[in-house]
Structure formats: structure tokens, C-alpha cells
Amino acid sequence: ARAGFLRRHGLTGRTVFPLAPARRVHPQSRDMSAQSTTKGAAAQPPARGFTEPDQVKRYADAKASGNKRVLDIDSVYDPAWMKGARVLVTGANRGIGLSLAKEAARCGAVVVGACRKPSDELAAIENVEIVDGVEVTSSAACEALAESLAGKDPIDVLINNAGYFPDVSDDFTGGLNFEENLKQYDICAVGPLRVTAALVKKGCLRQPGGKVINITSQGGSALWRQVQNANKGGDYGHHMCKAAANMCGVLMAEELRPKGIAVANLHPGFNRTAMTKKYEHIWDIEGAVECEVGAKRVMHEIGRGGLLDSGAP
């Protein structure tokens with residue numbers, strides 16, 4: 001029967017993955033409601049050296065092992081690399097972007113804060129150059145940002161931080177929101193590409209020696225979703241756009257490496273922001289931190305060596 005199937009579908013002579021054996025589905029497994037007793041698909045364990053996909057377990061393990069990088073970033077943090085560096089942060093007017101801008105300035109960097117609209121908190125940072133009107137969904141706005149930087153000292157580190165995570169229903173039960181899905185893609189996945197392309201084309205990024213940092217998320221991990229979203233799904237736009245953003249970083253790393261520009265996708269951890277407030281009921285158990293801590297985590301990773309050869313870690 002299998003040979004007949006292969007012939008009918010023109011698959012003879014090709015490499016074919018084995019067909020999984022049929023599995024009887026219990027009637028209850030069709031019930032995807034909160035009352036369902038069906039267990040989620042067993043997630044494949046992470047390979048040695050890779051991140052544990054269960055965030056609750058990962059945080060518990062970090063506490064049990066006394067992981068200083070997770071529990072006390074100040075004990076391993078060396079911000080010396082920032083002194084005198086030119087650091088550009090998109091979405092710098094609030095949230096993690098504002099904390100990144102503050103931390104860079106505190107450590108002696110010359111900060112360029114790019115945003116759609118400035119905030120009083122951003123304007124209060126000492127030694128910051130604010131470029132407003134930067135809408136990352138607009139190629140013209142990104143090119144205008146690059147034009148404003150042309151002829152100045154090159155940017156040492158570009159942090160693509162601007163993001164969007166609306167508090168709307170996005171599942172089969174409550175209703176999918178395709179317009180919001182596409183908006184998330186445009187901002188979170190295509191936005192970093194627009195900004196980076198505009199700056200590289202205009203020669204605004206240091207070559208060689210510059211770094212492009214994409215603030216992305218473990219939300220783009222398929223394996224993590226099997227654990228965190230078992231039998232639920234949901235938040236399609238958020239998780240799909242983060243997976244696309246991760247791929248954007250990987251491709252940029254390959255194309256920009258010959259220019260001596262390193263690219264890294266960095267997850268700042270679960271941060272307590274207005275954007276994640278809808279999940280405040282799990283902030284503690286999943287180890288959510290204040291933005292100031294998340295910013296230090298990001299800067300710690302940027303300062304580590306080896307980014308150029310690592311292929312968007």
C-alpha cells in the first residue's frame with residue numbers, strides 16, 4: 001500500500017520521511033476549551049546547551065542553581081564597552097527602549113534616541129540626541145533617519161527595539177485579528193530590516209566593527225509555544241512576527257558579516273512593561289524583571305566578544 005501511495009504521488013526515487021503511525025484521537029481531545037483534560041503534545045527536549053523551553057522551569061532551575069546572570073546581572077555586568085560609543089535605540093521613548101537609552105547614557109555612551117514621538121523621560125536623559133518622526137513601517141521615515149545621521153560619527157551599535165503587541169483577541173475562540181497581525185509583522189519583523197538597510201546604505205553604521213542588535217523574543221520559538229501554549233494556541237500575530245524577526249536577524253548576519261558588521265537577536269527576558277501588563281499574573285513565577293534589569297542584560301550580551309562569527313545567536 002505504501003509503494004502504491006508513493007507511485008501515485010510521484011515520490012518514488014526521492015528521500016521520504018517515514019509516515020507517522022496513525023493515532024486514535026479520544027473524543028475529549030477535540031475539546032480545546034479550558035476544561036479539556038487532553039495533554040498537549042510532548043515537546044522535544046532541548047539539545048544540550050540550548051535553552052529550556054519551559055519558562056517556569058527555566059526560572060526555577062536558575063534559582064536552584066544560583067545563576068547570577070539571571071538572578072543578579074550586576075554581579076557579572078561589565079558596561080565599560082559603552083564609554084564613548086555611539087548607540088542608536090529605536091522605540092526609545094518608553095518601555096525597554098527608554099531603559100536601554102538610559103543605561104547607555106549612564107555608562108558613557110552618546111545616545112541617539114529614535115522614536116515616533118518623544119517623551120519627557122527620553123528628553124531628560126543627559127547627552128541624548130532625539131530623532132522623532134521615526135515610524136519603522138515607513139521606508140521614507142527610515143531613510144530620513146539615516147539622512148539626519150549622515151556626515152556624523154558612525155553608529156557603533158544599532159538597537160532595533162521598536163515593537164508592538166496589542167491587547168486584542170487573537171485566537172479561534174475570541175476571533176482572529178488579521179489587521180493587527182499584519183501590523184505586528186510590519187513593525188516587529190520588517191521594521192528592523194528597514195532601519196538597518198537605510199543606515200547601511202547611507203554609511204551610517206561603523207564598517208567594520210559595527211553591531212546590529214535586534215530586540216526579539218523567545219515568543220518566536222516553535223518549541224516554546226508547545227510548552228507555554230499547549231492546547232491553547234493564540235497570539236498568532238505576536239509569535240509569528242517574532243519568528244520572522246528572528247529569521248530577519250539570521251539573514252542580516254550573513255549579508256553584513258563581509259562588511260564587518262555583527263548582528264545578534266537578543267531576548268531581554270520577560271520585562272514588566274505596559275506591553276506585558278496583561279500577563280502580570282505570571283510575572284513572578286516566570287521571573288519577569290524591571291526594564292532596568294532587562295536593559296543591563298541586553299548590554300551585557302552586546303559587550304561580549306564573538307558576535308561577528310556567531311551568526312545571529
# chains A, B, ... in the order shown; residues from 1 in each chain; ligands from 1
>>> closest_atom_pairs(of="segment 105-190 of chain A", to="segment 212-222 of chain A", cutoff="7 Å", atoms="only C-alpha atoms", output="Markdown table")
| residue | atom | partner | partner_atom | distance |
| --- | --- | --- | --- | --- |
| A:Val157 | CA | A:Val212 | CA | 5.9 |
| A:Leu158 | CA | A:Val212 | CA | 4.8 |
| A:Ile159 | CA | A:Ile213 | CA | 4.7 |
| A:Asn160 | CA | A:Asn214 | CA | 4.8 |
| A:Asn161 | CA | A:Ile215 | CA | 5.1 |
>>> atom_distance(atom1="atom CA of Asp167 of chain A", atom2="atom CA of Arg297 of chain A")
26.0 Å
>>> select_by_dssp(residues="segment 13-213 of chain A", states="helix (DSSP H, G or I)", output="ChimeraX atom specification")
/A:27-30,55-65,68-71,73-75,80-82,95-106,120-123,139-149,178-201
>>> closest_residue(among="A:Glu143, A:Glu290, A:Asp156, A:Glu280", to="Val195 of chain A", atoms="only C-alpha atoms")
A:Glu143
>>> closest_residue(among="A:Asp171, A:Glu179, A:Met252, A:Ala141", to="Asn229 of chain A", atoms="only C-alpha atoms")
A:Asp171
>>> atom_distance(atom1="atom CA of Val112 of chain A", atom2="atom CA of Val76 of chain A")
26.3 Å
>>> atom_distance(atom1="atom CA of Gly260 of chain A", atom2="atom CA of Asn246 of chain A")
20.1 Å
>>> closest_residue(among="A:Met299, A:Ala197, A:Val111, A:Ala262", to="Pro79 of chain A", atoms="only C-alpha atoms")
A:Met299
>>> closest_residue(among="A:Cys241, A:Leu98, A:Ala150, A:Ile155", to="Pro192 of chain A", atoms="only C-alpha atoms")
A:Cys241
>>> closest_residue(among="A:Leu199, A:Gly91, A:Thr137, A:Pro208", to="Pro258 of chain A", atoms="only C-alpha atoms")
A:Pro208
>>> select_by_dssp(residues="segment 111-294 of chain A", states="strand (DSSP E or B)", output="mmCIF file with N, CA, C and O atoms, in the first residue's frame")
data_model
loop_
_atom_site.group_PDB
_atom_site.id
_atom_site.type_symbol
_atom_site.label_atom_id
_atom_site.label_comp_id
_atom_site.auth_asym_id
_atom_site.auth_seq_id
_atom_site.Cartn_x
_atom_site.Cartn_y
_atom_site.Cartn_z
ATOM 1 N N VAL A 111 24.033 58.735 22.997
ATOM 2 C CA VAL A 111 22.799 58.035 22.636
ATOM 3 C C VAL A 111 22.003 58.805 21.592
ATOM 4 O O VAL A 111 21.790 60.017 21.719
ATOM 5 N N VAL A 112 21.562 58.074 20.558
ATOM 6 C CA VAL A 112 20.612 58.608 19.594
ATOM 7 C C VAL A 112 19.291 57.889 19.859
ATOM 8 O O VAL A 112 19.194 56.672 19.676
ATOM 9 N N GLY A 113 18.307 58.618 20.351
ATOM 10 C CA GLY A 113 17.010 58.036 20.669
ATOM 11 C C GLY A 113 16.035 58.284 19.531
ATOM 12 O O GLY A 113 15.589 59.417 19.320
ATOM 13 N N ALA A 114 15.718 57.234 18.782
ATOM 14 C CA ALA A 114 14.789 57.355 17.651
ATOM 15 C C ALA A 114 13.404 56.891 18.087
ATOM 16 O O ALA A 114 13.264 55.865 18.754
ATOM 17 N N VAL A 128 21.739 62.973 25.049
ATOM 18 C CA VAL A 128 20.949 62.190 24.106
ATOM 19 C C VAL A 128 20.539 63.066 22.929
ATOM 20 O O VAL A 128 20.193 64.237 23.099
ATOM 21 N N GLU A 129 20.627 62.503 21.741
ATOM 22 C CA GLU A 129 20.163 63.177 20.528
ATOM 23 C C GLU A 129 18.858 62.507 20.118
ATOM 24 O O GLU A 129 18.830 61.309 19.839
ATOM 25 N N ILE A 130 17.771 63.253 20.117
ATOM 26 C CA ILE A 130 16.463 62.685 19.805
ATOM 27 C C ILE A 130 16.122 62.922 18.340
ATOM 28 O O ILE A 130 16.214 64.038 17.843
ATOM 29 N N VAL A 131 15.742 61.856 17.672
ATOM 30 C CA VAL A 131 15.247 61.955 16.300
ATOM 31 C C VAL A 131 13.824 61.416 16.315
ATOM 32 O O VAL A 131 13.610 60.207 16.468
ATOM 33 N N ILE A 155 27.509 55.157 13.731
ATOM 34 C CA ILE A 155 26.867 54.458 14.843
ATOM 35 C C ILE A 155 27.645 53.173 15.125
ATOM 36 O O ILE A 155 27.899 52.377 14.227
ATOM 37 N N VAL A 157 26.616 50.923 17.626
ATOM 38 C CA VAL A 157 25.627 49.888 17.929
ATOM 39 C C VAL A 157 24.236 50.407 17.603
ATOM 40 O O VAL A 157 23.804 51.440 18.139
ATOM 41 N N LEU A 158 23.551 49.691 16.719
ATOM 42 C CA LEU A 158 22.150 49.977 16.412
ATOM 43 C C LEU A 158 21.308 48.949 17.149
ATOM 44 O O LEU A 158 21.489 47.742 16.964
ATOM 45 N N ILE A 159 20.392 49.413 17.986
ATOM 46 C CA ILE A 159 19.489 48.508 18.701
ATOM 47 C C ILE A 159 18.084 48.682 18.138
ATOM 48 O O ILE A 159 17.415 49.693 18.387
ATOM 49 N N ASN A 160 17.651 47.703 17.354
ATOM 50 C CA ASN A 160 16.300 47.708 16.790
ATOM 51 C C ASN A 160 15.334 47.204 17.852
ATOM 52 O O ASN A 160 15.127 45.996 18.029
ATOM 53 N N ASP A 171 -7.346 34.586 18.624
ATOM 54 C CA ASP A 171 -7.429 33.130 18.598
ATOM 55 C C ASP A 171 -8.753 32.724 17.950
ATOM 56 O O ASP A 171 -9.592 33.570 17.646
ATOM 57 N N GLY A 175 -11.753 35.253 18.295
ATOM 58 C CA GLY A 175 -11.669 35.910 16.999
ATOM 59 C C GLY A 175 -10.250 36.289 16.640
ATOM 60 O O GLY A 175 -9.510 36.809 17.475
ATOM 61 N N LEU A 205 26.448 53.183 9.697
ATOM 62 C CA LEU A 205 26.917 52.180 10.643
ATOM 63 C C LEU A 205 28.413 51.967 10.469
ATOM 64 O O LEU A 205 28.903 51.909 9.336
ATOM 65 N N LYS A 211 27.709 46.987 15.206
ATOM 66 C CA LYS A 211 26.836 45.898 15.650
ATOM 67 C C LYS A 211 25.373 46.280 15.458
ATOM 68 O O LYS A 211 24.987 47.426 15.724
ATOM 69 N N VAL A 212 24.589 45.325 14.992
ATOM 70 C CA VAL A 212 23.142 45.497 14.882
ATOM 71 C C VAL A 212 22.509 44.513 15.858
ATOM 72 O O VAL A 212 22.731 43.303 15.762
ATOM 73 N N ILE A 213 21.725 45.029 16.775
ATOM 74 C CA ILE A 213 21.085 44.203 17.798
ATOM 75 C C ILE A 213 19.574 44.273 17.611
ATOM 76 O O ILE A 213 18.983 45.355 17.682
ATOM 77 N N ASN A 214 18.966 43.136 17.376
ATOM 78 C CA ASN A 214 17.518 43.067 17.230
ATOM 79 C C ASN A 214 16.907 42.577 18.538
ATOM 80 O O ASN A 214 17.177 41.452 18.972
ATOM 81 N N ILE A 215 16.093 43.421 19.166
ATOM 82 C CA ILE A 215 15.404 43.012 20.382
ATOM 83 C C ILE A 215 14.203 42.187 19.957
ATOM 84 O O ILE A 215 13.204 42.702 19.475
ATOM 85 N N ALA A 262 28.440 42.980 12.836
ATOM 86 C CA ALA A 262 27.879 41.825 13.537
ATOM 87 C C ALA A 262 26.395 42.045 13.800
ATOM 88 O O ALA A 262 25.950 43.176 14.021
ATOM 89 N N VAL A 263 25.619 40.972 13.774
ATOM 90 C CA VAL A 263 24.178 41.035 14.035
ATOM 91 C C VAL A 263 23.819 39.991 15.085
ATOM 92 O O VAL A 263 24.277 38.848 15.007
ATOM 93 N N ALA A 264 23.008 40.371 16.053
ATOM 94 C CA ALA A 264 22.561 39.425 17.075
ATOM 95 C C ALA A 264 21.080 39.640 17.379
ATOM 96 O O ALA A 264 20.603 40.777 17.444
ATOM 97 N N ASN A 265 20.353 38.540 17.534
ATOM 98 C CA ASN A 265 18.978 38.565 18.026
ATOM 99 C C ASN A 265 19.035 38.364 19.536
ATOM 100 O O ASN A 265 19.536 37.340 20.002
ATOM 101 N N LEU A 266 18.546 39.319 20.304
ATOM 102 C CA LEU A 266 18.613 39.213 21.758
ATOM 103 C C LEU A 266 17.226 39.296 22.396
ATOM 104 O O LEU A 266 16.411 40.154 22.043
ATOM 105 N N ASN A 271 10.028 41.210 30.677
ATOM 106 C CA ASN A 271 10.115 42.515 31.335
ATOM 107 C C ASN A 271 8.737 43.025 31.756
ATOM 108 O O ASN A 271 7.738 42.802 31.066
ATOM 109 N N VAL A 289 11.264 40.818 35.083
ATOM 110 C CA VAL A 289 12.120 41.802 35.744
ATOM 111 C C VAL A 289 11.747 43.213 35.311
ATOM 112 O O VAL A 289 11.065 43.415 34.313
#
